[in-house]
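data32.cif follows (mmCIF, C-alpha atoms and all ligand atoms):
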```cif
data_entry
#
loop_
_atom_site.label_atom_id
_atom_site.label_comp_id
_atom_site.auth_asym_id
_atom_site.auth_seq_id
_atom_site.Cartn_x
_atom_site.Cartn_y
_atom_site.Cartn_z
CA MET A 1 -19.54 112.33 25.00
CA GLU A 2 -22.47 114.13 26.56
CA LYS A 3 -22.28 115.47 30.13
CA ARG A 4 -25.45 114.66 32.06
CA GLU A 5 -26.69 115.39 35.59
CA GLU A 6 -24.51 115.72 38.70
CA LEU A 7 -24.33 112.46 40.64
CA TYR A 8 -22.39 113.62 43.65
CA SER A 9 -20.54 116.66 44.93
CA GLY A 10 -17.68 116.07 47.35
CA LYS A 11 -15.45 118.56 49.17
CA ALA A 12 -13.18 119.27 46.19
CA LYS A 13 -14.64 117.42 43.22
CA SER A 14 -18.01 116.85 41.59
CA VAL A 15 -19.05 113.79 39.63
CA PHE A 16 -21.34 113.86 36.60
CA LYS A 17 -23.05 111.11 34.62
CA THR A 18 -22.46 110.84 30.90
CA ASP A 19 -24.45 109.24 28.10
CA ASP A 20 -22.23 106.14 28.57
CA ALA A 21 -23.22 104.14 31.69
CA ASP A 22 -19.57 103.04 32.12
CA LEU A 23 -18.13 106.57 32.15
CA LEU A 24 -18.31 109.56 34.47
CA ILE A 25 -16.90 113.07 34.38
CA LEU A 26 -14.88 114.25 37.39
CA GLU A 27 -14.78 117.99 37.86
CA PHE A 28 -11.92 119.38 39.96
CA ARG A 29 -13.07 122.50 41.82
CA ASP A 30 -11.03 125.21 43.55
CA ASP A 31 -12.65 124.32 46.91
CA THR A 32 -10.18 123.16 49.51
CA SER A 33 -11.09 121.73 52.88
CA ALA A 34 -9.38 120.19 55.86
CA PHE A 35 -10.25 118.85 59.30
CA ASP A 36 -13.40 117.07 58.05
CA GLY A 37 -14.61 120.18 56.27
CA LYS A 38 -14.19 122.51 59.27
CA LYS A 39 -11.58 124.62 57.42
CA LYS A 40 -12.70 125.64 53.91
CA GLU A 41 -11.32 128.00 51.28
CA GLN A 42 -11.34 128.57 47.55
CA LEU A 43 -7.81 128.49 46.16
CA ASP A 44 -7.47 130.08 42.76
CA ARG A 45 -6.30 127.61 40.04
CA LYS A 46 -6.25 124.61 42.41
CA GLY A 47 -8.89 122.66 40.42
CA LYS A 48 -6.97 123.06 37.19
CA VAL A 49 -3.59 122.27 38.78
CA ASN A 50 -4.91 119.11 40.47
CA ASN A 51 -6.66 117.93 37.31
CA ILE A 52 -3.47 118.26 35.27
CA PHE A 53 -1.32 116.80 38.08
CA ASN A 54 -3.69 113.84 38.54
CA ALA A 55 -3.76 113.10 34.79
CA PHE A 56 0.06 112.97 34.75
CA ILE A 57 0.27 110.60 37.74
CA MET A 58 -2.59 108.35 36.58
CA GLU A 59 -0.86 107.95 33.19
CA LYS A 60 2.38 106.96 34.96
CA LEU A 61 0.51 104.43 37.09
CA LYS A 62 -1.28 103.04 34.04
CA GLU A 63 2.09 102.65 32.26
CA ALA A 64 3.30 100.72 35.31
CA GLY A 65 0.38 98.30 34.99
CA ILE A 66 -1.84 99.63 37.80
CA PRO A 67 -5.53 99.45 36.82
CA THR A 68 -7.00 102.95 37.19
CA HIS A 69 -10.36 104.53 36.47
CA PHE A 70 -8.65 107.33 34.52
CA GLU A 71 -9.55 107.51 30.83
CA LYS A 72 -8.41 110.98 29.74
CA ARG A 73 -8.31 114.64 30.68
CA LEU A 74 -11.12 116.47 28.91
CA ASN A 75 -10.18 120.10 29.62
CA ASP A 76 -8.68 122.27 32.41
CA ARG A 77 -11.07 121.08 35.10
CA GLU A 78 -12.58 117.83 33.93
CA ALA A 79 -11.44 114.26 33.44
CA LEU A 80 -13.26 111.25 32.02
CA VAL A 81 -13.19 108.23 34.33
CA LYS A 82 -14.70 104.76 34.56
CA CYS A 83 -17.89 104.45 36.59
CA MET A 84 -17.09 102.08 39.46
CA LYS A 85 -18.68 100.87 42.64
CA MET A 86 -16.46 102.74 45.09
CA LEU A 87 -15.43 101.00 48.29
CA PRO A 88 -15.70 103.22 51.41
CA VAL A 89 -12.17 102.41 52.53
CA GLU A 90 -9.12 104.70 52.38
CA CYS A 91 -5.75 102.96 52.03
CA VAL A 92 -2.76 104.86 53.45
CA VAL A 93 0.91 104.01 53.01
CA ARG A 94 3.52 105.96 54.97
CA ASN A 95 7.24 106.13 54.18
CA ILE A 96 8.01 108.85 56.74
CA SER A 97 6.14 109.61 59.96
CA ALA A 98 3.80 112.62 59.82
CA GLY A 99 0.19 113.66 60.35
CA SER A 100 -2.27 111.48 62.22
CA LEU A 101 0.33 108.76 62.83
CA CYS A 102 2.38 111.16 64.97
CA LYS A 103 -0.71 112.39 66.83
CA ARG A 104 -2.05 108.89 67.46
CA LEU A 105 1.19 107.23 68.54
CA GLY A 106 3.11 110.21 69.92
CA VAL A 107 6.02 109.51 67.56
CA GLU A 108 8.19 112.28 66.17
CA GLU A 109 7.58 113.63 62.66
CA GLY A 110 10.16 112.82 60.01
CA GLN A 111 11.26 109.29 60.96
CA THR A 112 11.86 106.93 58.06
CA LEU A 113 9.40 104.06 58.34
CA ASN A 114 11.01 100.80 57.35
CA PRO A 115 9.10 98.90 56.21
CA PRO A 116 6.51 101.47 55.09
CA THR A 117 3.30 101.21 57.10
CA TYR A 118 -0.19 100.45 55.80
CA GLU A 119 -3.42 101.66 57.38
CA LEU A 120 -7.11 101.55 56.54
CA PHE A 121 -9.65 104.27 57.29
CA LEU A 122 -13.39 104.28 56.82
CA LYS A 123 -14.52 106.97 54.38
CA ASN A 124 -17.17 108.54 56.59
CA ASP A 125 -17.10 112.30 57.21
CA ALA A 126 -19.69 112.15 59.99
CA GLN A 127 -17.40 109.83 61.97
CA GLY A 128 -14.23 111.74 61.01
CA ASP A 129 -12.86 108.93 58.79
CA PRO A 130 -11.99 106.57 61.69
CA MET A 131 -9.14 104.08 61.46
CA ILE A 132 -10.40 100.55 60.80
CA ASN A 133 -8.85 97.17 60.07
CA GLU A 134 -9.49 94.32 57.67
CA ALA A 135 -11.67 92.33 60.09
CA LEU A 136 -13.98 95.31 60.62
CA ALA A 137 -14.15 96.01 56.87
CA ILE A 138 -15.12 92.39 56.17
CA THR A 139 -17.63 92.12 59.01
CA PHE A 140 -19.43 95.33 58.07
CA GLY A 141 -19.30 94.58 54.34
CA TRP A 142 -17.19 97.61 53.37
CA ALA A 143 -14.95 95.31 51.30
CA THR A 144 -14.34 91.57 50.93
CA GLU A 145 -11.19 89.75 51.99
CA ASP A 146 -10.10 89.38 48.36
CA GLN A 147 -10.77 93.04 47.60
CA LEU A 148 -8.76 94.12 50.67
CA LYS A 149 -5.87 91.90 49.66
CA GLU A 150 -5.80 93.39 46.17
CA MET A 151 -6.13 96.96 47.49
CA LYS A 152 -3.15 96.40 49.76
CA ARG A 153 -1.07 94.88 46.95
CA LEU A 154 -1.87 97.75 44.58
CA THR A 155 -1.33 100.45 47.23
CA TYR A 156 2.19 99.13 47.89
CA GLU A 157 2.85 98.75 44.16
CA VAL A 158 1.92 102.42 43.69
CA ASN A 159 4.49 103.23 46.38
CA GLY A 160 7.29 101.64 44.37
CA VAL A 161 6.34 103.56 41.22
CA LEU A 162 5.74 106.94 42.83
CA GLN A 163 8.59 106.94 45.35
CA ARG A 164 10.99 106.61 42.41
CA LEU A 165 9.18 109.19 40.31
CA PHE A 166 9.24 111.78 43.10
CA ALA A 167 12.79 110.91 44.21
CA ASP A 168 14.01 111.64 40.67
CA ALA A 169 12.41 115.08 41.04
CA GLY A 170 14.14 115.76 44.38
CA LEU A 171 11.03 115.02 46.44
CA LEU A 172 10.18 112.66 49.28
CA LEU A 173 6.85 110.85 49.09
CA VAL A 174 6.03 110.95 52.80
CA ASP A 175 2.58 109.30 52.68
CA TYR A 176 -0.55 109.10 50.56
CA LYS A 177 -4.13 107.93 50.53
CA LEU A 178 -5.71 105.86 47.77
CA GLU A 179 -9.31 104.88 47.14
CA PHE A 180 -10.44 101.94 45.05
CA GLY A 181 -13.57 100.75 43.31
CA ASP A 182 -14.87 97.66 41.62
CA PHE A 183 -15.05 97.92 37.84
CA HIS A 184 -16.74 94.81 36.41
CA GLY A 185 -15.09 92.68 39.09
CA GLN A 186 -11.60 94.23 38.96
CA ILE A 187 -10.24 96.28 41.87
CA THR A 188 -9.34 99.56 40.21
CA LEU A 189 -7.70 102.73 41.52
CA GLY A 190 -10.18 105.61 41.74
CA ASP A 191 -10.42 109.15 43.06
CA GLU A 192 -7.33 111.29 42.37
CA PHE A 193 -3.65 111.46 43.10
CA SER A 194 -2.60 115.04 43.77
CA PRO A 195 -0.84 116.98 46.55
CA ASP A 196 -4.29 117.21 48.20
CA GLY A 197 -4.11 113.54 49.20
CA CYS A 198 -0.42 112.92 49.79
CA ARG A 199 2.53 114.49 51.58
CA LEU A 200 5.54 115.59 49.55
CA TRP A 201 8.63 117.18 51.04
CA ASP A 202 11.65 118.70 49.36
CA ALA A 203 14.31 116.00 49.70
CA LYS A 204 17.01 118.43 50.88
CA THR A 205 15.18 121.03 52.98
CA ARG A 206 12.13 118.92 53.92
CA GLU A 207 9.94 121.91 53.03
CA LYS A 208 6.28 120.83 52.82
CA LEU A 209 4.90 121.05 49.28
CA ASP A 210 1.45 119.53 49.79
CA LYS A 211 -1.91 120.13 51.47
CA ASP A 212 -0.26 120.48 54.89
CA ARG A 213 0.52 124.04 53.70
CA PHE A 214 -3.25 124.62 53.80
CA ARG A 215 -3.88 122.58 56.97
CA GLN A 216 -1.10 124.43 58.82
CA GLY A 217 -1.81 127.89 57.32
CA LEU A 218 1.65 128.12 55.71
CA GLY A 219 0.36 129.84 52.53
CA GLY A 220 1.58 129.31 48.98
CA VAL A 221 -0.52 126.16 48.62
CA VAL A 222 -1.18 126.12 44.87
CA GLU A 223 2.29 127.55 44.22
CA ALA A 224 3.77 124.54 46.05
CA TYR A 225 1.64 122.12 43.98
CA GLU A 226 2.88 123.87 40.83
CA GLU A 227 6.48 123.63 42.04
CA VAL A 228 6.08 119.86 42.48
CA GLY A 229 4.56 119.67 38.99
CA ARG A 230 7.35 121.77 37.50
CA ARG A 231 9.95 119.39 38.97
CA LEU A 232 8.08 116.45 37.41
CA GLY A 233 8.07 118.23 34.05
CA ILE A 234 4.32 118.96 34.09
CA GLN A 235 3.12 121.99 32.06
CA PHE A 236 0.15 123.73 33.68
CA ASP A 237 -0.54 126.29 30.92
P1 LIG A 301 -3.19 111.35 57.91
O1 LIG A 301 -3.75 110.03 58.36
O2 LIG A 301 -1.79 111.58 58.42
O3 LIG A 301 -4.12 112.50 58.19
O4 LIG A 301 -3.12 111.27 56.33
C1 LIG A 301 -2.25 110.38 55.68
C2 LIG A 301 -2.19 110.72 54.21
O5 LIG A 301 -3.43 110.44 53.59
C3 LIG A 301 -1.91 112.20 53.93
O6 LIG A 301 -1.11 112.28 52.76
C4 LIG A 301 -3.28 112.80 53.68
O7 LIG A 301 -3.22 113.87 52.77
C5 LIG A 301 -4.03 111.62 53.08
N1 LIG A 301 -5.43 111.59 53.52
C6 LIG A 301 -5.98 110.84 54.50
N2 LIG A 301 -7.31 111.06 54.59
C7 LIG A 301 -7.60 111.96 53.64
C8 LIG A 301 -8.82 112.58 53.22
O8 LIG A 301 -9.92 112.32 53.72
N3 LIG A 301 -8.71 113.49 52.21
C9 LIG A 301 -7.51 113.80 51.61
N4 LIG A 301 -7.49 114.72 50.63
N5 LIG A 301 -6.37 113.20 51.96
C10 LIG A 301 -6.40 112.29 52.96
#
```
What do you get writing this file as structure tokens?
Ligand code: 5GP
Amino acid sequence: MEKREELYSGKAKSVFKTDDADLLILEFRDDTSAFDGKKKEQLDRKGKVNNIFNAFIMEKLKEAGIPTHFEKRLNDREALVKCMKMLPVECVVRNISAGSLCKRLGVEEGQTLNPPTYELFLKNDAQGDPMINEALAITFGWATEDQLKEMKRLTYEVNGVLQRLFADAGLLLVDYKLEFGDFHGQITLGDEFSPDGCRLWDAKTREKLDKDRFRQGLGGVVEAYEEVGRRLGIQFD
């Protein structure tokens, strides 16, 4: 496998071509950003921790029958993934109220959401990732009706798998964001699953162990990610 030129550099990861047109290399960097890139910092070890964390979760999802772009972890910071046509839609499931839901609706943080909610956002930094709906996504060609249906089904299926996995580790999966792509006609989970893109609370104390530690300036960000990993049985060294 030969690493070729950089295709794209996002806020926390870079994507490289390989000599195989169907495969890309994802590089997890230490860069951390929030509030549409307005708050930025380098957090030592974060790239490595997220790469290892993501590999563990993607393997669990694959075992559960979720189609993912993940092929294998190559080294501390890089993973090999399928090259997909990414859809510019972020799918969010919430089990407990937090974050933008509380701001938008004025509801209190920490309420159990039964049934879990499902929201769509447009992946567009310049517009601040605005909330959208299926009709808008179809009209503007961001995804087709069939693709949206499959993305919703898979996003909820991931909830079943990961809620259990985290609950067994004494953690609450509060909410998470998934991104999907089209791989030869199949809707396939892309991007990453790490504490950068989900909320995880200690089940007893409700201590935040995710990127909200960075957003809210609570400190101990990477240490919290490692604590989550330790509880899941992940080895980072
Ligand atoms: P909220 O809508 O409350 O800001 O986010 C809901 C969930 O999706 C949180 O777990 C949050 O981390 C994740 N999320 C939503 N948008 C983004 C994004 O653009 N980047 C990352 N890393 N996570 C996101």
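Separating atom CA of A:Gln186 from atom CA of A:Asp22 is a distance of 13.7 Å.
What separates atom CA of A:Val174 from atom CA of A:Asn95 is a distance of 5.2 Å.
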Leaving out stretch 161-168 of chain A and any residue of its chain fewer than 2 positions from it, which residues lie within 8 Å of it when counting all atoms listed in the file, given as a CSV table (one decimal) with C-alpha atoms, in the coordinates of the input?
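For reference, part_2.csv as written:
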```
chain,number,residue,atom,x,y,z
A,61,LEU,CA,0.5,104.4,37.1
A,64,ALA,CA,3.3,100.7,35.3
A,157,GLU,CA,2.8,98.8,44.2
A,158,VAL,CA,1.9,102.4,43.7
A,159,ASN,CA,4.5,103.2,46.4
A,170,GLY,CA,14.1,115.8,44.4
A,171,LEU,CA,11.0,115.0,46.4
A,172,LEU,CA,10.2,112.7,49.3
A,173,LEU,CA,6.8,110.8,49.1
A,203,ALA,CA,14.3,116.0,49.7
A,232,LEU,CA,8.1,116.4,37.4
```
Closest atom pairs, chain A residues within 10 Å of ligand LIG 301 (chain A), all atoms listed in the file, as CSV:
```
residue,atom,partner,partner_atom,distance
A:Lys11,CA,A:LIG301,N4,9.0
A:Ala12,CA,A:LIG301,N4,8.5
A:Thr32,CA,A:LIG301,N4,8.9
A:Ser33,CA,A:LIG301,N4,8.2
A:Ala34,CA,A:LIG301,N3,7.7
A:Phe35,CA,A:LIG301,O8,8.6
A:Asp36,CA,A:LIG301,O8,7.3
A:Gly37,CA,A:LIG301,O8,9.5
A:Glu90,CA,A:LIG301,N2,7.0
A:Cys91,CA,A:LIG301,O5,8.0
A:Val92,CA,A:LIG301,O5,5.6
A:Val93,CA,A:LIG301,C2,7.5
A:Arg94,CA,A:LIG301,C1,7.3
A:Ser97,CA,A:LIG301,O2,8.3
A:Ala98,CA,A:LIG301,O2,5.9
A:Gly99,CA,A:LIG301,O2,3.5
A:Ser100,CA,A:LIG301,O2,3.8
A:Leu101,CA,A:LIG301,O2,5.6
A:Cys102,CA,A:LIG301,O2,7.8
A:Lys103,CA,A:LIG301,O2,8.5
A:Arg104,CA,A:LIG301,O1,9.3
A:Glu119,CA,A:LIG301,O1,8.4
A:Leu120,CA,A:LIG301,O1,9.3
A:Phe121,CA,A:LIG301,N2,7.7
A:Leu122,CA,A:LIG301,O8,9.3
A:Lys123,CA,A:LIG301,O8,7.1
A:Asn124,CA,A:LIG301,O8,8.7
A:Asp125,CA,A:LIG301,O8,8.0
A:Gly128,CA,A:LIG301,O8,8.5
A:Asp129,CA,A:LIG301,O8,6.8
A:Pro130,CA,A:LIG301,O1,9.5
A:Met131,CA,A:LIG301,O1,8.6
A:Leu173,CA,A:LIG301,O6,8.9
A:Val174,CA,A:LIG301,O6,7.3
A:Asp175,CA,A:LIG301,O6,4.7
A:Tyr176,CA,A:LIG301,O6,3.9
A:Lys177,CA,A:LIG301,O5,4.0
A:Leu178,CA,A:LIG301,O5,7.7
A:Glu179,CA,A:LIG301,C7,9.8
A:Asp191,CA,A:LIG301,N4,9.8
A:Glu192,CA,A:LIG301,N4,8.9
A:Phe193,CA,A:LIG301,N4,9.1
A:Ser194,CA,A:LIG301,N4,8.4
A:Pro195,CA,A:LIG301,O7,7.4
A:Asp196,CA,A:LIG301,N4,4.7
A:Gly197,CA,A:LIG301,N5,3.6
A:Cys198,CA,A:LIG301,O6,3.1
A:Arg199,CA,A:LIG301,O6,4.4
A:Leu200,CA,A:LIG301,O6,8.1
A:Asp210,CA,A:LIG301,O7,7.9
A:Lys211,CA,A:LIG301,O7,6.5
A:Asp212,CA,A:LIG301,O7,7.5
A:Arg215,CA,A:LIG301,O7,9.7
```
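Nearest-residue note for A:Ile132: choosing from A:Leu43, A:Gly106, A:Lys48, A:Pro88, the minimum distance belongs to A:Pro88, counting all atoms listed in the file.
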Atom pair atom CA of A:Val89 + atom CA of A:Gln216, distance 25.4 Å
**Asked** A:Asn75: which residues within 12 Å, counting all atoms listed in the file, same-chain residues fewer than 6 positions away excluded, as a list in words?
**Response** Ile25, Leu26, Glu27, Phe28, Gly47, Lys48, Val49, Asn51, Ile52, Ala55, Phe236 and Asp237 of chain A
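Nearest residue to A:Glu109, choosing from A:Arg4, A:Lys38, A:Lys85, A:Arg206 and counting only C-alpha atoms: A:Arg206.
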Per-axis box centre and lengths in Å around stretch 123-130 of chain A, 4 Å margin per side, axis-aligned, as JSON:
```
{"center_x": -15.8, "center_y": 109.4, "center_z": 58.2, "size_x": 15.7, "size_y": 13.7, "size_z": 15.6}
```
The residue from A:Ser14, A:Gly233, A:Val221, A:Phe70 with the smallest atom-to-atom distance to A:Asp44, counting all atoms listed in the file, is A:Val221
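Nearest to A:Glu59 of all the residues A:Glu5, A:Leu154, A:Arg73, A:Asp19 is A:Arg73, counting all atoms listed in the file.
Considering the residues A:Ser9, A:Gln235, A:Thr139, A:Thr18 and counting only C-alpha atoms, A:Leu80 has its shortest atom-to-atom contact with A:Thr18.
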